[in-house]
Amino acid sequence: MAKTKKLKGDFNRFNRITPGWNTFFCIILGLISLLMLIPLALVIIVSFSSEKSIALNGFSFFPLEWSLQGYTYLAQMGDQILASYKITIAHTLLGTVMSLGVMSMYAYVIALKNFKFRKFYTWILFFTMLFSGGLVPNYIMNVRYLQLDNTIWIFLLPSLVSAYNVIILRTFILSTIPDSLFEAARIDGAGHFRVFISIVLPLFKAGLATIALFNVVNRWNDWFTGMLYIKDANLTPLQTLLKNIQDNIDFLKQNAQIAGTPDGIQLLDSLPDQNLRMSCTIIVIIPILCAYPFFQRYFVQGLTLGSVKG
């Protein structure tokens, strides 16, 4: 008994941080956090810098001249920017909710140890991670057979399930929810849907929040789907719209025939370039920066849950 207390005391002594070292580590981590904000601050400053200042000094925290040219150019698109924002927000939120619903139920089913076809459905899920039809078969299936092109469903249905995320959710269920809870619910006569709603989901928030953040970021940054399937301007997502704007400006600046005429030179001088890129970056990342603190609380909750269980 005395030996056990001695070992426990030694363990606590070696794992205890003195107030001085604790303050030192807090200062170091605070400085590292501030360093993470430097690139974001540079992007914001460059977005308000004039093209002349960027051409002379490059990307600088102290531009020679301030300008709203990039934001003015985007504001001229008015209704199109708003329409792209609406469709992007709509398919991001709706797609994330739909994906979480399907993937969490799939993960719950293959996490049940008494489910007869558990290994079979897990193998099917894993098989899709190794082999896929490729871009051309997917395009033919979505356009010719499912006819999802130029509709909002092209953003929702093909990306409804991610095999990797389902495996993460299944692992989270197996590692955090004890089998005794499932057995107690079955003894009380609860069905699988009641168990999923009343037991799994309340204990599942940290895992769902993690996958939700992955899903939100992936859907928000998806420009390729819009470029490939969408022709209607009202359904063009924000990322695709901004890429098209930048591609058009790059084409004009690289076209020697247009740039060789007086009107072409005047047109190119009026077009923003680097500050437009940074302005596009700012209007894209602001919603994600606003959404991240909401998910952060569940990350902390997940870490605390893991430490208590350990």
# chains A, B, ... in the order shown; residues from 1 in each chain; ligands from 1
>>> closest_atom_pairs(of="stretch 189-279 of chain A", to="stretch 146-163 of chain A", cutoff="8 Å", atoms="only C-alpha atoms", output="Markdown table")
| residue | atom | partner | partner_atom | distance |
| --- | --- | --- | --- | --- |
| A:Thr225 | CA | A:Phe155 | CA | 7.1 |
| A:Tyr229 | CA | A:Asp149 | CA | 5.0 |
| A:Ile230 | CA | A:Asn150 | CA | 4.5 |
| A:Lys231 | CA | A:Asn150 | CA | 6.0 |
| A:Asp232 | CA | A:Asn150 | CA | 6.4 |
| A:Leu235 | CA | A:Ile152 | CA | 7.0 |
>>> residues_around(residues="A:Ala107", least_positions_apart="3", cutoff="10 Å", atoms="only C-alpha atoms", output="VMD selection string")
chain A and resid 102 to 104 110 to 112 122 163 165 to 174
>>> select_by_dssp(residues="stretch 17-258 of chain A", states="helix (DSSP H, G or I)", output="PyMOL selection string")
chain A and resi 19-47+51-57+69-75+79-111+118-130+135-145+153-156+163-176+179-187+192-200+205-220+224-229+233-235+238-254+256-258
>>> residues_around(residues="A:Asp273", least_positions_apart="4", cutoff="12 Å", atoms="only C-alpha atoms", output="compact mmCIF listing (two decimals) with all heavy atoms, in the first residue's frame")
# COMPACT_ATOMS: atom_id res chain seq x y z
N VAL A 46 -3.56 43.27 -48.15
CA VAL A 46 -3.35 43.27 -49.60
C VAL A 46 -4.66 43.48 -50.34
O VAL A 46 -4.70 44.12 -51.40
CB VAL A 46 -2.69 41.95 -50.05
CG1 VAL A 46 -2.62 41.85 -51.57
CG2 VAL A 46 -1.28 41.84 -49.47
N SER A 47 -5.77 42.98 -49.79
CA SER A 47 -7.06 43.18 -50.45
C SER A 47 -7.46 44.65 -50.49
O SER A 47 -8.26 45.06 -51.34
CB SER A 47 -8.14 42.35 -49.74
OG SER A 47 -8.44 42.89 -48.46
N SER A 49 -5.06 47.05 -50.76
CA SER A 49 -3.93 47.74 -51.39
C SER A 49 -4.22 47.96 -52.87
O SER A 49 -4.91 47.17 -53.51
CB SER A 49 -2.64 46.92 -51.23
OG SER A 49 -2.37 46.66 -49.87
N SER A 50 -3.67 49.03 -53.42
CA SER A 50 -3.85 49.30 -54.84
C SER A 50 -2.92 48.42 -55.66
O SER A 50 -1.89 47.93 -55.16
CB SER A 50 -3.55 50.77 -55.13
OG SER A 50 -2.18 51.06 -54.89
N GLU A 51 -3.26 48.23 -56.93
CA GLU A 51 -2.42 47.43 -57.82
C GLU A 51 -1.05 48.06 -58.01
O GLU A 51 -0.04 47.36 -58.14
CB GLU A 51 -3.11 47.27 -59.18
CG GLU A 51 -4.24 46.27 -59.19
CD GLU A 51 -3.78 44.85 -58.91
OE1 GLU A 51 -2.66 44.50 -59.31
OE2 GLU A 51 -4.53 44.09 -58.29
N LYS A 52 -0.99 49.38 -58.02
CA LYS A 52 0.30 50.07 -58.16
C LYS A 52 1.20 49.78 -56.98
O LYS A 52 2.40 49.52 -57.14
CB LYS A 52 0.06 51.57 -58.29
CG LYS A 52 1.33 52.39 -58.47
CD LYS A 52 1.00 53.87 -58.61
CE LYS A 52 2.29 54.68 -58.75
NZ LYS A 52 2.00 56.14 -58.86
N ILE A 54 1.06 47.16 -54.99
CA ILE A 54 1.46 45.75 -55.03
C ILE A 54 2.55 45.53 -56.08
O ILE A 54 3.50 44.77 -55.87
CB ILE A 54 0.24 44.86 -55.32
CG1 ILE A 54 -0.79 44.98 -54.19
CG2 ILE A 54 0.66 43.40 -55.49
CD1 ILE A 54 -2.09 44.25 -54.47
N ALA A 55 2.45 46.24 -57.22
CA ALA A 55 3.45 46.09 -58.28
C ALA A 55 4.81 46.62 -57.84
O ALA A 55 5.86 46.07 -58.21
CB ALA A 55 2.99 46.82 -59.54
N GLN A 69 -10.51 48.81 -54.93
CA GLN A 69 -10.78 48.43 -56.31
C GLN A 69 -11.29 47.00 -56.42
O GLN A 69 -12.22 46.71 -57.18
CB GLN A 69 -9.51 48.59 -57.15
CG GLN A 69 -9.73 48.42 -58.64
CD GLN A 69 -8.45 48.62 -59.44
OE1 GLN A 69 -7.37 48.64 -58.87
NE2 GLN A 69 -8.59 48.76 -60.74
N GLY A 70 -10.67 46.08 -55.67
CA GLY A 70 -11.10 44.68 -55.73
C GLY A 70 -12.53 44.50 -55.25
O GLY A 70 -13.34 43.83 -55.90
N TYR A 71 -12.86 45.12 -54.11
CA TYR A 71 -14.22 45.00 -53.57
C TYR A 71 -15.23 45.74 -54.45
O TYR A 71 -16.38 45.30 -54.59
CB TYR A 71 -14.26 45.54 -52.14
CG TYR A 71 -13.47 44.72 -51.17
CD1 TYR A 71 -12.20 45.13 -50.74
CD2 TYR A 71 -13.97 43.53 -50.66
CE1 TYR A 71 -11.47 44.38 -49.84
CE2 TYR A 71 -13.25 42.77 -49.75
CZ TYR A 71 -11.99 43.20 -49.35
OH TYR A 71 -11.27 42.45 -48.47
N TYR A 73 -15.04 46.07 -57.69
CA TYR A 73 -15.27 45.22 -58.86
C TYR A 73 -16.26 44.11 -58.54
O TYR A 73 -17.15 43.79 -59.33
CB TYR A 73 -13.95 44.64 -59.35
CG TYR A 73 -14.05 43.90 -60.66
CD1 TYR A 73 -13.94 44.57 -61.87
CD2 TYR A 73 -14.25 42.52 -60.68
CE1 TYR A 73 -14.04 43.89 -63.08
CE2 TYR A 73 -14.35 41.84 -61.89
CZ TYR A 73 -14.24 42.53 -63.07
OH TYR A 73 -14.34 41.85 -64.27
N LEU A 74 -16.12 43.51 -57.36
CA LEU A 74 -17.06 42.46 -56.94
C LEU A 74 -18.45 43.02 -56.67
O LEU A 74 -19.46 42.38 -56.98
CB LEU A 74 -16.52 41.76 -55.69
CG LEU A 74 -15.25 40.92 -55.85
CD1 LEU A 74 -14.80 40.37 -54.50
CD2 LEU A 74 -15.47 39.78 -56.83
N ILE A 245 -14.48 34.61 -62.59
CA ILE A 245 -14.08 36.02 -62.66
C ILE A 245 -12.58 36.14 -62.83
O ILE A 245 -12.07 36.87 -63.69
CB ILE A 245 -14.55 36.78 -61.40
CG1 ILE A 245 -16.07 36.84 -61.35
CG2 ILE A 245 -13.95 38.18 -61.37
CD1 ILE A 245 -16.60 37.43 -60.06
N GLN A 246 -11.84 35.41 -61.99
CA GLN A 246 -10.39 35.49 -62.05
C GLN A 246 -9.84 34.93 -63.36
O GLN A 246 -8.90 35.47 -63.94
CB GLN A 246 -9.77 34.74 -60.86
CG GLN A 246 -8.30 35.03 -60.65
CD GLN A 246 -8.04 36.49 -60.38
OE1 GLN A 246 -8.58 37.06 -59.44
NE2 GLN A 246 -7.21 37.10 -61.20
N ASP A 247 -10.44 33.86 -63.86
CA ASP A 247 -10.00 33.28 -65.13
C ASP A 247 -10.23 34.26 -66.29
O ASP A 247 -9.39 34.38 -67.19
CB ASP A 247 -10.74 31.97 -65.41
CG ASP A 247 -10.28 30.84 -64.52
OD1 ASP A 247 -9.21 30.99 -63.89
OD2 ASP A 247 -10.99 29.82 -64.44
N ASN A 248 -11.35 34.96 -66.25
CA ASN A 248 -11.62 35.94 -67.30
C ASN A 248 -10.62 37.09 -67.28
O ASN A 248 -10.15 37.55 -68.33
CB ASN A 248 -13.05 36.48 -67.16
CG ASN A 248 -14.10 35.43 -67.45
OD1 ASN A 248 -13.84 34.46 -68.16
ND2 ASN A 248 -15.29 35.60 -66.89
N ILE A 249 -10.30 37.56 -66.09
CA ILE A 249 -9.31 38.64 -65.99
C ILE A 249 -7.94 38.16 -66.43
O ILE A 249 -7.21 38.87 -67.14
CB ILE A 249 -9.28 39.18 -64.54
CG1 ILE A 249 -10.59 39.89 -64.22
CG2 ILE A 249 -8.10 40.12 -64.34
CD1 ILE A 249 -10.67 40.43 -62.82
N ASP A 250 -7.56 36.96 -66.04
CA ASP A 250 -6.27 36.42 -66.47
C ASP A 250 -6.21 36.27 -67.99
O ASP A 250 -5.16 36.54 -68.62
CB ASP A 250 -6.03 35.05 -65.81
CG ASP A 250 -5.77 35.17 -64.32
OD1 ASP A 250 -5.43 36.28 -63.87
OD2 ASP A 250 -5.92 34.15 -63.61
N PHE A 251 -7.32 35.87 -68.58
CA PHE A 251 -7.34 35.74 -70.05
C PHE A 251 -7.13 37.09 -70.72
O PHE A 251 -6.38 37.21 -71.69
CB PHE A 251 -8.68 35.13 -70.49
CG PHE A 251 -8.87 35.12 -71.99
CD1 PHE A 251 -8.24 34.17 -72.77
CD2 PHE A 251 -9.67 36.07 -72.60
CE1 PHE A 251 -8.41 34.16 -74.15
CE2 PHE A 251 -9.85 36.07 -73.97
CZ PHE A 251 -9.21 35.11 -74.75
N LEU A 252 -7.79 38.13 -70.22
CA LEU A 252 -7.65 39.45 -70.81
C LEU A 252 -6.23 39.99 -70.65
O LEU A 252 -5.68 40.61 -71.56
CB LEU A 252 -8.64 40.43 -70.17
CG LEU A 252 -10.13 40.17 -70.46
CD1 LEU A 252 -11.00 41.14 -69.68
CD2 LEU A 252 -10.41 40.28 -71.95
N LYS A 253 -5.64 39.72 -69.49
CA LYS A 253 -4.29 40.24 -69.25
C LYS A 253 -3.24 39.49 -70.07
O LYS A 253 -2.17 40.01 -70.36
CB LYS A 253 -3.96 40.16 -67.75
CG LYS A 253 -4.71 41.18 -66.91
CD LYS A 253 -4.28 41.10 -65.47
CE LYS A 253 -4.95 42.23 -64.66
NZ LYS A 253 -4.47 43.56 -65.05
N LEU A 268 -7.20 46.97 -69.35
CA LEU A 268 -6.36 46.21 -68.44
C LEU A 268 -5.95 47.04 -67.23
O LEU A 268 -5.83 46.51 -66.11
CB LEU A 268 -5.12 45.70 -69.17
CG LEU A 268 -5.37 44.67 -70.28
CD1 LEU A 268 -4.04 44.24 -70.90
CD2 LEU A 268 -6.10 43.47 -69.74
N ASP A 269 -5.71 48.33 -67.45
CA ASP A 269 -5.34 49.19 -66.33
C ASP A 269 -6.48 49.33 -65.32
O ASP A 269 -6.25 49.57 -64.13
CB ASP A 269 -4.94 50.58 -66.84
CG ASP A 269 -3.62 50.55 -67.61
OD1 ASP A 269 -2.84 49.58 -67.40
OD2 ASP A 269 -3.37 51.45 -68.43
N ARG A 277 -7.85 39.01 -56.13
CA ARG A 277 -7.67 37.65 -55.59
C ARG A 277 -7.85 37.64 -54.08
O ARG A 277 -8.51 36.76 -53.52
CB ARG A 277 -6.29 37.12 -55.95
CG ARG A 277 -6.04 36.94 -57.44
CD ARG A 277 -4.61 36.48 -57.69
NE ARG A 277 -4.27 36.48 -59.10
CZ ARG A 277 -4.44 35.45 -59.93
NH1 ARG A 277 -4.94 34.31 -59.45
NH2 ARG A 277 -4.12 35.54 -61.20
N MET A 278 -7.24 38.61 -53.42
CA MET A 278 -7.33 38.66 -51.96
C MET A 278 -8.74 39.06 -51.52
O MET A 278 -9.23 38.59 -50.48
CB MET A 278 -6.30 39.65 -51.41
CG MET A 278 -4.88 39.26 -51.73
SD MET A 278 -4.50 37.55 -51.22
CE MET A 278 -2.96 37.26 -52.09
N SER A 279 -9.40 39.92 -52.28
CA SER A 279 -10.78 40.28 -51.94
C SER A 279 -11.69 39.06 -52.05
O SER A 279 -12.56 38.85 -51.19
CB SER A 279 -11.27 41.39 -52.88
OG SER A 279 -10.45 42.54 -52.79
N CYS A 280 -11.48 38.25 -53.10
CA CYS A 280 -12.25 37.01 -53.23
C CYS A 280 -11.98 36.07 -52.06
O CYS A 280 -12.90 35.43 -51.54
CB CYS A 280 -11.89 36.32 -54.55
SG CYS A 280 -12.40 37.21 -56.04
>>> closest_residue(among="A:Ile45, A:Ile27, A:Ile87, A:Ile211", to="A:Thr281", atoms="only C-alpha atoms")
A:Ile45
